[in-house]
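Report on the structure given below.
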Amino acid sequence: MSKLIVNIAKLCLGQDTKRPLLADKLSELIFIENAWLLIVHGRIADWGTMENCPERADEIIDAAGGFVLPAFVDSHTHLVFAAAREQEFVQRIQGLSYQEIAQKGGGILNSARRLAECSEDKLLEDAFARLQEVISYGTGAIEVKSGYGLSVEAELKMLRVIRKLKEISPIPIKSTFLGAHAMPLAFKENRSGYINQILDEMLPRIAGEGLADYIDVFCEKGFYSVEETDLILDAGAKYGLRPKIHCNQFNSMGGIEIAIKYNAISVDHLEVLNDTEIEALSNSNTIATLLPSAPFFLNDDHFPPARKLVESKVAIALASDFNPGTSPSGNMQFVLSIACIKLRLTPEEAFNAATINAAFALEMEGELGSISKGKKANLMITKPMPSLAFMPYFFGSNLVKRMIIS
């Protein structure tokens with residue numbers, strides 16, 4: 001089966017790269033104007049200008065003057081959840097902080113209560129609807145975390161839903177075990193008891209059923225300490241689960257150093273960073289995944305210091321952090337807008353961070369993240385636009401006209 005896309009105003013090609021793009025390389029994109037692209041059996045086969053366009057294919061798709069771009073890779077989401085938390089949105093408007101809401105039993109614990117009451121079928125149905133929505137905005141691969149279970153059976157339930165979602169999803173999905181997301185109320189006075197459940201009950205069963213690709217911990221004040229994170233990551237490593245860690249969202253407390261110790265594929269959030277941590281990241285293979293939608297939605301003054309990270313040759317990726325509490329949107333086009341406006345990334349830097357570098361953050365760089373021969377043809381055809389900058393500039397509009405998935 002072959003597909004031929006014709007009349008492409010600009011075709012965005014990828015860079016041949018064996019590692020994430022750093023520093024000046026992050027701003028480099030290659031475009032071919034007035035182009036065609038050939039897809040054979042779901043993979044990118046060839047391209048060129050319309051002057052030498054092939055005449056035949058099983059299906060011909062007219063881009064009608066739009067761009068053809070590699071699909072976004074959203075490397076940090078909480079796509080599976082039972083209910084929205086708009087009441088907490090109102091509470092924050094009224095002056096309560098994220099931490100104060102959590103202390104009152106809101107936040108992650110609220111989501112955990114609702115998930116415990118929800119059936120697997122309903123969780124899957126709702127998650128699939130969200131998945132279809134994010135695909136329509138340009139996402140061609142995604143990571144999904146557990147973490148709203150906070151008990152043995154509920155965490156396993158979440159991960160089984162993610163596995164079912166993988167089976168019916170048109171795009172690749174990676175799953176992450178985040179049992180250490182918050183401390184269940186039942187273990188408020190017995191932290192070690194819940195951590196032992198993670199180590200002795202959850203991890204063996206998750207590994208036995210092959211339910212997770214990665215392991216995550218929310219290393220933050222009021223959630224999990226550096227010492228607890230160390231213990232959990234060490235146990236995860238014994239089951240072959242590489243870390244993707246939440247850290248430095250509100251405080252700098254050693255999470256980055258412990259993540260690097262375990263060769264974490266990424267450290268995510270990083271709203272609060274010091275020079276020592278930036279230097280440590282620059283000397284590591286760990287990717288800094290920035291989630292600017294979260295501080296935007298929380299109305300937090302602290303945004304990740306993206307410019308300093310880029311200038312320090314730290315590999316950065318962008319992701320949506322789609323979740324019901326602090327980032328209830330999986331629109332990666334809007335993530336680009338916030339990255340340009342608040343993080344001061346150029347449109348080219350933001351786009352590379354949300355595609356090829358994000359693919360590295362899910363170990364999918366050989367298959368996705370750029371338009372390169374042999375890669376999966378997970379692509380977006382845009383509405384006509386004058387430049388790539390038009391996408392983050394025209395925030396609030398969906399500029400994806402059509403998705404091509406394999």
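Labels used: A, B, ... for chains in the order of the structure tokens, numbers from 1 for residues in each chain, and numbers from 1 for ligands as shown.
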With a distance cut-off of 8 Å and only C-alpha atoms, select the neighbouring residues of A:Phe177, excluding the residue or stretch itself and same-chain residues fewer than 4 positions from it, and output the selection as a PDB file with C-alpha atoms, in the first residue's frame.
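The new file out_0.pdb reads:
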```
ATOM      1  CA  LYS A 145       1.462   7.034  33.580  1.00  0.00           C
ATOM      2  CA  SER A 146      -0.318   5.262  36.389  1.00  0.00           C
ATOM      3  CA  GLY A 147      -0.316   7.015  39.758  1.00  0.00           C
ATOM      4  CA  LEU A 159      -1.682  -0.205  34.110  1.00  0.00           C
ATOM      5  CA  ALA A 212       5.263  -0.941  32.501  1.00  0.00           C
ATOM      6  CA  ASP A 213       8.058   0.368  30.314  1.00  0.00           C
ATOM      7  CA  TYR A 214       9.352   2.882  32.892  1.00  0.00           C
ATOM      8  CA  ILE A 215       9.167   3.789  36.563  1.00  0.00           C
ATOM      9  CA  ASP A 216       8.468   7.239  37.998  1.00  0.00           C
TER      10      ASP A 216
END
```
Contacts between stretch 79-97 of chain A and stretch 147-262 of chain A, please, where a residue of stretch 147-262 of chain A counts if it comes within 9 Å (with only C-alpha atoms); show its shortest atom pair and distance in Å to one decimal, rows by chain and ascending number, as a tab-separated table.
```
residue	atom	partner	partner_atom	distance
A:Tyr148	CA	A:Phe81	CA	7.1
A:Met158	CA	A:Val80	CA	7.2
A:Val161	CA	A:Val80	CA	7.9
A:Ile162	CA	A:Val80	CA	7.4
```
Convert the current residue selection to file output with C-alpha atoms, as an mmCIF file, in the first residue's frame.
```
data_model
loop_
_atom_site.group_PDB
_atom_site.id
_atom_site.type_symbol
_atom_site.label_atom_id
_atom_site.label_comp_id
_atom_site.auth_asym_id
_atom_site.auth_seq_id
_atom_site.Cartn_x
_atom_site.Cartn_y
_atom_site.Cartn_z
ATOM 1 C CA TYR A 148 -3.996 7.643 40.456
ATOM 2 C CA MET A 158 -4.581 1.578 35.745
ATOM 3 C CA VAL A 161 -6.136 -0.087 31.183
ATOM 4 C CA ILE A 162 -3.018 1.464 29.651
#
```
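The environment of A:Lys376 within 7 Å, counting only C-alpha atoms and disregarding residues fewer than 2 places along the same chain, consists of Gly42, Arg43, Ile44, Glu367, Leu368, Gly374, Asn378 and Ser406 of chain A.
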Keeping C-alpha atoms for every residue in the selection just given, could you write it to a file as a short mmCIF file (atom, residue, chain, number, x, y, z; two decimals), in the first residue's frame?
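Output contents, as saved in selection-v2.cif:
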```cif
data_model
loop_
_atom_site.label_atom_id
_atom_site.label_comp_id
_atom_site.auth_asym_id
_atom_site.auth_seq_id
_atom_site.Cartn_x
_atom_site.Cartn_y
_atom_site.Cartn_z
CA GLY A 42 3.23 2.87 6.55
CA ARG A 43 6.82 4.08 6.35
CA ILE A 44 8.48 7.09 4.79
CA GLU A 367 10.91 5.23 14.58
CA LEU A 368 9.45 8.68 15.14
CA GLY A 374 12.39 4.19 6.96
CA ASN A 378 3.17 9.48 11.69
CA SER A 406 1.54 4.87 9.63
#
```
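Going from atom CA of A:Gly366 to atom CA of A:Phe31 covers 20.3 Å.
Residues in contact with stretch 256-272 of chain A at up to 7 Å, not including ones fewer than 4 positions away on its chain and judged by only C-alpha atoms, are Asp230, Arg242, Pro243, Lys244, Ile245, His246, Cys247, Asn248, Gln249, Phe250, Asn251, Ser252, Glu277, Ser284, Thr286, Ile287, Ala288, Thr289, Leu290, Leu291, His302, Phe303, Pro304 and Ala361 of chain A.
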Emit the selected residues as a CSV table (one decimal), in the first residue's frame, including C-alpha atoms.
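Generated output (part.csv):
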```
chain,number,residue,atom,x,y,z
A,230,ASP,CA,16.5,6.3,45.8
A,242,ARG,CA,14.4,2.8,33.7
A,243,PRO,CA,13.3,6.0,35.5
A,244,LYS,CA,11.4,9.0,34.2
A,245,ILE,CA,11.2,11.2,37.3
A,246,HIS,CA,9.0,14.1,38.4
A,247,CYS,CA,11.3,16.6,40.2
A,248,ASN,CA,12.0,20.2,40.8
A,249,GLN,CA,8.4,21.3,40.3
A,250,PHE,CA,8.3,23.4,43.4
A,251,ASN,CA,11.6,22.8,45.2
A,252,SER,CA,15.2,21.9,44.4
A,277,GLU,CA,21.8,20.9,38.8
A,284,SER,CA,24.7,13.4,31.7
A,286,THR,CA,19.3,12.5,31.0
A,287,ILE,CA,16.8,14.6,29.1
A,288,ALA,CA,15.2,17.7,30.7
A,289,THR,CA,11.5,17.4,29.8
A,290,LEU,CA,9.8,20.7,30.3
A,291,LEU,CA,6.0,20.9,31.0
A,302,HIS,CA,8.3,29.9,38.0
A,303,PHE,CA,8.7,28.5,34.5
A,304,PRO,CA,11.6,26.2,33.5
A,361,ALA,CA,12.7,10.8,25.8
```
Compile the contact shell of A:Thr139 as a PyMOL selection string: residues with an atom at most 6 Å away, counting only C-alpha atoms, same-chain residues fewer than 4 positions apart removed. chain A and resi 71-73+134-135
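Counting only C-alpha atoms, the residue from A:Thr355, A:Gln103, A:Thr382, A:Gln197 that sits nearest to A:Asp62 is A:Thr382.
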Straight-line distance linking atom CA of A:Leu109 with atom CA of A:Leu156, stated in Å to one decimal: 16.7 Å
Per DSSP on the backbone, what are the strand (DSSP E or B) residues of stretch 55-193 of chain A, as a PyMOL selection string? chain A and resi 59-62+66-70+72-74+77+139-145+173-180
Quick one: residues within 9 Å of stretch 389-403 of chain A, only C-alpha atoms counted, chain neighbours fewer than 4 positions away excluded, as a short mmCIF file (atom, residue, chain, number, x, y, z; two decimals) with N, CA and C atoms, in the first residue's frame?
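To be explicit, this is the file written out as part_4.cif:
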```
data_model
loop_
_atom_site.label_atom_id
_atom_site.label_comp_id
_atom_site.auth_asym_id
_atom_site.auth_seq_id
_atom_site.Cartn_x
_atom_site.Cartn_y
_atom_site.Cartn_z
N ALA A 63 -2.06 17.93 -0.20
CA ALA A 63 -1.81 18.77 0.97
C ALA A 63 -2.34 20.19 0.76
N GLY A 66 -0.54 23.08 2.39
CA GLY A 66 -0.21 22.99 3.81
C GLY A 66 1.21 22.50 4.02
N ALA A 71 4.81 14.19 13.38
CA ALA A 71 3.86 14.31 14.48
C ALA A 71 4.60 14.56 15.79
N ILE A 135 -4.60 13.19 19.28
CA ILE A 135 -4.12 12.87 17.93
C ILE A 135 -4.58 13.95 16.95
N SER A 136 -5.80 14.43 17.12
CA SER A 136 -6.33 15.45 16.21
C SER A 136 -5.54 16.75 16.29
N TYR A 137 -4.83 16.97 17.40
CA TYR A 137 -3.99 18.16 17.56
C TYR A 137 -2.56 17.93 17.08
N GLY A 138 -2.24 16.71 16.64
CA GLY A 138 -0.92 16.48 16.07
C GLY A 138 -0.05 15.48 16.77
N THR A 139 -0.53 14.83 17.82
CA THR A 139 0.30 13.87 18.56
C THR A 139 0.32 12.53 17.85
N GLY A 140 1.53 12.00 17.65
CA GLY A 140 1.71 10.73 16.95
C GLY A 140 2.34 9.64 17.78
N ASN A 331 -3.08 19.37 24.17
CA ASN A 331 -2.86 20.07 22.91
C ASN A 331 -1.40 20.50 22.80
N GLN A 333 0.11 21.74 20.29
CA GLN A 333 0.28 23.04 19.62
C GLN A 333 0.30 24.17 20.64
N PHE A 334 -0.56 24.06 21.66
CA PHE A 334 -0.57 25.09 22.71
C PHE A 334 0.70 25.02 23.56
N VAL A 335 1.22 23.81 23.76
CA VAL A 335 2.50 23.67 24.47
C VAL A 335 3.59 24.45 23.73
N LEU A 336 3.60 24.36 22.40
CA LEU A 336 4.56 25.15 21.63
C LEU A 336 4.39 26.64 21.90
N SER A 337 3.14 27.09 21.95
CA SER A 337 2.89 28.52 22.19
C SER A 337 3.45 28.95 23.53
N ILE A 338 3.17 28.18 24.58
CA ILE A 338 3.67 28.55 25.91
C ILE A 338 5.19 28.49 25.94
N ALA A 339 5.76 27.49 25.26
CA ALA A 339 7.22 27.36 25.24
C ALA A 339 7.86 28.58 24.58
N CYS A 340 7.23 29.11 23.55
CA CYS A 340 7.77 30.31 22.89
C CYS A 340 7.55 31.56 23.75
N ILE A 341 6.35 31.68 24.32
CA ILE A 341 5.99 32.91 25.04
C ILE A 341 6.67 32.96 26.41
N THR A 346 12.62 29.59 20.50
CA THR A 346 12.17 29.94 19.17
C THR A 346 11.20 28.86 18.69
N PRO A 347 10.36 29.15 17.68
CA PRO A 347 9.46 28.11 17.17
C PRO A 347 10.20 26.85 16.72
N GLU A 348 11.37 27.03 16.11
CA GLU A 348 12.14 25.87 15.65
C GLU A 348 12.65 25.05 16.84
N ASN A 378 4.12 8.80 10.79
CA ASN A 378 3.17 9.48 11.69
C ASN A 378 3.40 10.98 11.50
N LEU A 379 2.50 11.59 10.73
CA LEU A 379 2.72 12.93 10.21
C LEU A 379 1.47 13.78 10.39
N MET A 380 1.66 15.10 10.34
CA MET A 380 0.53 16.01 10.30
C MET A 380 0.59 16.84 9.03
N ILE A 381 -0.57 17.00 8.41
CA ILE A 381 -0.72 17.93 7.30
C ILE A 381 -1.45 19.14 7.85
N THR A 382 -0.84 20.29 7.74
CA THR A 382 -1.43 21.49 8.33
C THR A 382 -2.34 22.20 7.34
N LYS A 383 -3.14 23.08 7.86
CA LYS A 383 -3.83 24.05 7.03
C LYS A 383 -2.76 24.98 6.43
N PRO A 384 -3.06 25.64 5.32
CA PRO A 384 -2.07 26.57 4.77
C PRO A 384 -1.64 27.60 5.81
N MET A 385 -0.34 27.79 5.92
CA MET A 385 0.20 28.79 6.85
C MET A 385 1.50 29.33 6.28
#
```
Show me, as a list in words, the residues that have an atom within 10 Å of A:Met202 when counting only C-alpha atoms, minus same-chain residues fewer than 2 positions from it. Ser151, Val152, Glu153, Glu155, Leu156, Phe177, Gly179, Ile195, Asn196, Gln197, Ile198, Leu199, Asp200, Pro204, Arg205, Ile206, Ala207 and Gly208 of chain A
Restrict the selected residues to N, CA and C atoms and save them as a PDB file, in the first residue's frame.
```
ATOM      1  N   SER A 151      -2.915   2.088  45.369  1.00  0.00           N
ATOM      2  CA  SER A 151      -3.079   0.822  46.090  1.00  0.00           C
ATOM      3  C   SER A 151      -2.656  -0.262  45.111  1.00  0.00           C
ATOM      4  N   VAL A 152      -2.414  -1.431  45.612  1.00  0.00           N
ATOM      5  CA  VAL A 152      -1.918  -2.504  44.751  1.00  0.00           C
ATOM      6  C   VAL A 152      -2.894  -2.746  43.605  1.00  0.00           C
ATOM      7  N   GLU A 153      -4.149  -2.990  43.933  1.00  0.00           N
ATOM      8  CA  GLU A 153      -5.113  -3.356  42.893  1.00  0.00           C
ATOM      9  C   GLU A 153      -5.439  -2.191  41.967  1.00  0.00           C
ATOM     10  N   GLU A 155      -3.492   0.446  41.205  1.00  0.00           N
ATOM     11  CA  GLU A 155      -2.370   0.722  40.302  1.00  0.00           C
ATOM     12  C   GLU A 155      -2.312  -0.316  39.178  1.00  0.00           C
ATOM     13  N   LEU A 156      -2.538  -1.578  39.544  1.00  0.00           N
ATOM     14  CA  LEU A 156      -2.574  -2.621  38.516  1.00  0.00           C
ATOM     15  C   LEU A 156      -3.731  -2.389  37.550  1.00  0.00           C
ATOM     16  N   PHE A 177       5.003   3.283  35.366  1.00  0.00           N
ATOM     17  CA  PHE A 177       4.469   2.993  36.699  1.00  0.00           C
ATOM     18  C   PHE A 177       4.830   4.128  37.643  1.00  0.00           C
ATOM     19  N   GLY A 179       3.466   4.525  40.989  1.00  0.00           N
ATOM     20  CA  GLY A 179       2.824   4.248  42.270  1.00  0.00           C
ATOM     21  C   GLY A 179       3.206   5.248  43.344  1.00  0.00           C
ATOM     22  N   ILE A 195       5.453   2.269  50.960  1.00  0.00           N
ATOM     23  CA  ILE A 195       6.634   2.068  50.102  1.00  0.00           C
ATOM     24  C   ILE A 195       6.953   0.575  49.999  1.00  0.00           C
ATOM     25  N   ASN A 196       6.788  -0.146  51.109  1.00  0.00           N
ATOM     26  CA  ASN A 196       6.999  -1.603  51.047  1.00  0.00           C
ATOM     27  C   ASN A 196       5.985  -2.278  50.122  1.00  0.00           C
ATOM     28  N   GLN A 197       4.752  -1.750  50.073  1.00  0.00           N
ATOM     29  CA  GLN A 197       3.783  -2.283  49.119  1.00  0.00           C
ATOM     30  C   GLN A 197       4.271  -2.093  47.679  1.00  0.00           C
ATOM     31  N   ILE A 198       4.833  -0.926  47.402  1.00  0.00           N
ATOM     32  CA  ILE A 198       5.376  -0.671  46.066  1.00  0.00           C
ATOM     33  C   ILE A 198       6.484  -1.670  45.747  1.00  0.00           C
ATOM     34  N   LEU A 199       7.393  -1.834  46.714  1.00  0.00           N
ATOM     35  CA  LEU A 199       8.577  -2.662  46.474  1.00  0.00           C
ATOM     36  C   LEU A 199       8.251  -4.154  46.447  1.00  0.00           C
ATOM     37  N   ASP A 200       7.417  -4.596  47.389  1.00  0.00           N
ATOM     38  CA  ASP A 200       7.234  -6.036  47.595  1.00  0.00           C
ATOM     39  C   ASP A 200       6.008  -6.614  46.895  1.00  0.00           C
ATOM     40  N   PRO A 204       6.768  -6.570  41.738  1.00  0.00           N
ATOM     41  CA  PRO A 204       6.833  -7.948  41.219  1.00  0.00           C
ATOM     42  C   PRO A 204       5.668  -8.286  40.294  1.00  0.00           C
ATOM     43  N   ARG A 205       4.470  -7.824  40.617  1.00  0.00           N
ATOM     44  CA  ARG A 205       3.310  -8.138  39.778  1.00  0.00           C
ATOM     45  C   ARG A 205       3.340  -7.363  38.464  1.00  0.00           C
ATOM     46  N   ILE A 206       3.760  -6.106  38.533  1.00  0.00           N
ATOM     47  CA  ILE A 206       3.866  -5.295  37.319  1.00  0.00           C
ATOM     48  C   ILE A 206       4.899  -5.896  36.369  1.00  0.00           C
ATOM     49  N   ALA A 207       6.035  -6.272  36.933  1.00  0.00           N
ATOM     50  CA  ALA A 207       7.072  -6.888  36.101  1.00  0.00           C
ATOM     51  C   ALA A 207       6.618  -8.239  35.566  1.00  0.00           C
ATOM     52  N   GLY A 208       5.939  -9.007  36.407  1.00  0.00           N
ATOM     53  CA  GLY A 208       5.474 -10.328  35.990  1.00  0.00           C
ATOM     54  C   GLY A 208       4.485 -10.270  34.842  1.00  0.00           C
TER      55      GLY A 208
END
```
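For the choices A:Ala319, A:Ala116, A:Leu165, A:Leu203, the atom-to-atom distance to A:Ala237 is smallest for A:Leu203 when using only C-alpha atoms.
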Report, in Å with one decimal, the straight-line distance from atom CA of A:Leu273 to atom CA of A:Pro305. 7.5 Å
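Closest approach to A:Asp300 among A:Glu51, A:Leu318, A:Tyr98, A:Ile32: A:Tyr98, based on only C-alpha atoms.
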Alpha helix (DSSP H) per DSSP on the backbone: members of stretch 124-333 of chain A, as number ranges by chain: A: 124-136, 152-168, 191-197, 203-209, 226-238, 255-261, 275-282, 293-298, 306-311, 332-333
Keeping C-alpha atoms, export the residues of the selection given above as an mmCIF file, in the first residue's frame.
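As a result, selection.cif now contains:
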```cif
data_model
loop_
_atom_site.group_PDB
_atom_site.id
_atom_site.type_symbol
_atom_site.label_atom_id
_atom_site.label_comp_id
_atom_site.auth_asym_id
_atom_site.auth_seq_id
_atom_site.Cartn_x
_atom_site.Cartn_y
_atom_site.Cartn_z
ATOM 1 C CA LEU A 124 -10.603 2.797 28.853
ATOM 2 C CA GLU A 125 -13.531 4.417 27.058
ATOM 3 C CA ASP A 126 -12.703 7.871 28.426
ATOM 4 C CA ALA A 127 -8.964 7.516 27.843
ATOM 5 C CA PHE A 128 -9.528 6.439 24.233
ATOM 6 C CA ALA A 129 -11.678 9.518 23.636
ATOM 7 C CA ARG A 130 -8.896 11.720 25.023
ATOM 8 C CA LEU A 131 -6.369 9.876 22.884
ATOM 9 C CA GLN A 132 -8.383 10.583 19.742
ATOM 10 C CA GLU A 133 -8.556 14.246 20.699
ATOM 11 C CA VAL A 134 -4.801 14.650 21.216
ATOM 12 C CA ILE A 135 -4.124 12.869 17.930
ATOM 13 C CA SER A 136 -6.326 15.449 16.206
ATOM 14 C CA VAL A 152 -1.918 -2.504 44.751
ATOM 15 C CA GLU A 153 -5.113 -3.356 42.893
ATOM 16 C CA ALA A 154 -5.870 0.163 41.687
ATOM 17 C CA GLU A 155 -2.370 0.722 40.302
ATOM 18 C CA LEU A 156 -2.574 -2.621 38.516
ATOM 19 C CA LYS A 157 -5.996 -1.626 37.216
ATOM 20 C CA MET A 158 -4.581 1.578 35.745
ATOM 21 C CA LEU A 159 -1.682 -0.205 34.110
ATOM 22 C CA ARG A 160 -3.975 -2.851 32.638
ATOM 23 C CA VAL A 161 -6.136 -0.087 31.183
ATOM 24 C CA ILE A 162 -3.018 1.464 29.651
ATOM 25 C CA ARG A 163 -2.112 -1.943 28.194
ATOM 26 C CA LYS A 164 -5.586 -2.240 26.664
ATOM 27 C CA LEU A 165 -5.234 1.304 25.345
ATOM 28 C CA LYS A 166 -1.965 0.286 23.673
ATOM 29 C CA GLU A 167 -3.761 -2.589 21.951
ATOM 30 C CA ILE A 168 -6.442 -0.384 20.360
ATOM 31 C CA ARG A 191 5.028 5.833 54.956
ATOM 32 C CA SER A 192 7.303 2.826 54.987
ATOM 33 C CA GLY A 193 4.265 0.547 54.871
ATOM 34 C CA TYR A 194 3.115 1.961 51.528
ATOM 35 C CA ILE A 195 6.634 2.068 50.102
ATOM 36 C CA ASN A 196 6.999 -1.603 51.047
ATOM 37 C CA GLN A 197 3.783 -2.283 49.119
ATOM 38 C CA LEU A 203 6.695 -4.115 41.340
ATOM 39 C CA PRO A 204 6.833 -7.948 41.219
ATOM 40 C CA ARG A 205 3.310 -8.138 39.778
ATOM 41 C CA ILE A 206 3.866 -5.295 37.319
ATOM 42 C CA ALA A 207 7.072 -6.888 36.101
ATOM 43 C CA GLY A 208 5.474 -10.328 35.990
ATOM 44 C CA GLU A 209 2.664 -9.070 33.736
ATOM 45 C CA VAL A 226 15.239 11.850 47.889
ATOM 46 C CA GLU A 227 15.953 8.869 50.134
ATOM 47 C CA GLU A 228 12.576 7.300 49.342
ATOM 48 C CA THR A 229 13.094 7.991 45.639
ATOM 49 C CA ASP A 230 16.495 6.297 45.805
ATOM 50 C CA LEU A 231 14.941 3.215 47.405
ATOM 51 C CA ILE A 232 12.155 2.961 44.811
ATOM 52 C CA LEU A 233 14.420 3.551 41.807
ATOM 53 C CA ASP A 234 16.847 0.929 43.061
ATOM 54 C CA ALA A 235 14.013 -1.598 43.274
ATOM 55 C CA GLY A 236 12.724 -0.605 39.829
ATOM 56 C CA ALA A 237 16.170 -1.058 38.311
ATOM 57 C CA LYS A 238 16.177 -4.677 39.481
ATOM 58 C CA GLY A 255 15.956 14.766 42.796
ATOM 59 C CA ILE A 256 18.026 15.484 39.698
ATOM 60 C CA GLU A 257 21.184 14.047 41.185
ATOM 61 C CA ILE A 258 19.448 10.833 42.251
ATOM 62 C CA ALA A 259 17.793 10.506 38.832
ATOM 63 C CA ILE A 260 21.148 10.840 37.079
ATOM 64 C CA LYS A 261 22.602 8.242 39.456
ATOM 65 C CA ASP A 275 23.350 26.090 38.441
ATOM 66 C CA THR A 276 24.757 22.922 40.002
ATOM 67 C CA GLU A 277 21.786 20.899 38.756
ATOM 68 C CA ILE A 278 22.045 22.376 35.268
ATOM 69 C CA GLU A 279 25.736 21.471 35.136
ATOM 70 C CA ALA A 280 24.943 17.933 36.294
ATOM 71 C CA LEU A 281 22.373 17.562 33.522
ATOM 72 C CA SER A 282 24.787 18.906 30.915
ATOM 73 C CA SER A 293 1.370 23.955 30.653
ATOM 74 C CA ALA A 294 1.525 23.101 34.369
ATOM 75 C CA PRO A 295 2.932 26.398 35.705
ATOM 76 C CA PHE A 296 0.721 28.218 33.200
ATOM 77 C CA PHE A 297 -2.422 26.520 34.528
ATOM 78 C CA LEU A 298 -1.317 26.882 38.164
ATOM 79 C CA ALA A 306 14.751 26.786 29.072
ATOM 80 C CA ARG A 307 17.143 29.328 27.573
ATOM 81 C CA LYS A 308 19.760 28.596 30.219
ATOM 82 C CA LEU A 309 19.336 24.859 29.685
ATOM 83 C CA VAL A 310 19.792 25.203 25.930
ATOM 84 C CA GLU A 311 22.826 27.462 26.332
ATOM 85 C CA MET A 332 0.803 20.058 21.920
ATOM 86 C CA GLN A 333 0.281 23.035 19.618
#
```
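Distances here use only C-alpha atoms; by that measure, the residue among A:Ile171, A:Leu21, A:Ala112, A:Ala358 closest to A:Gly325 is A:Ala112.
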Closest of A:Ala350, A:Leu22, A:Ala186, A:Leu343 to A:Gly105 - atom-to-atom distances counting only C-alpha atoms: A:Ala186
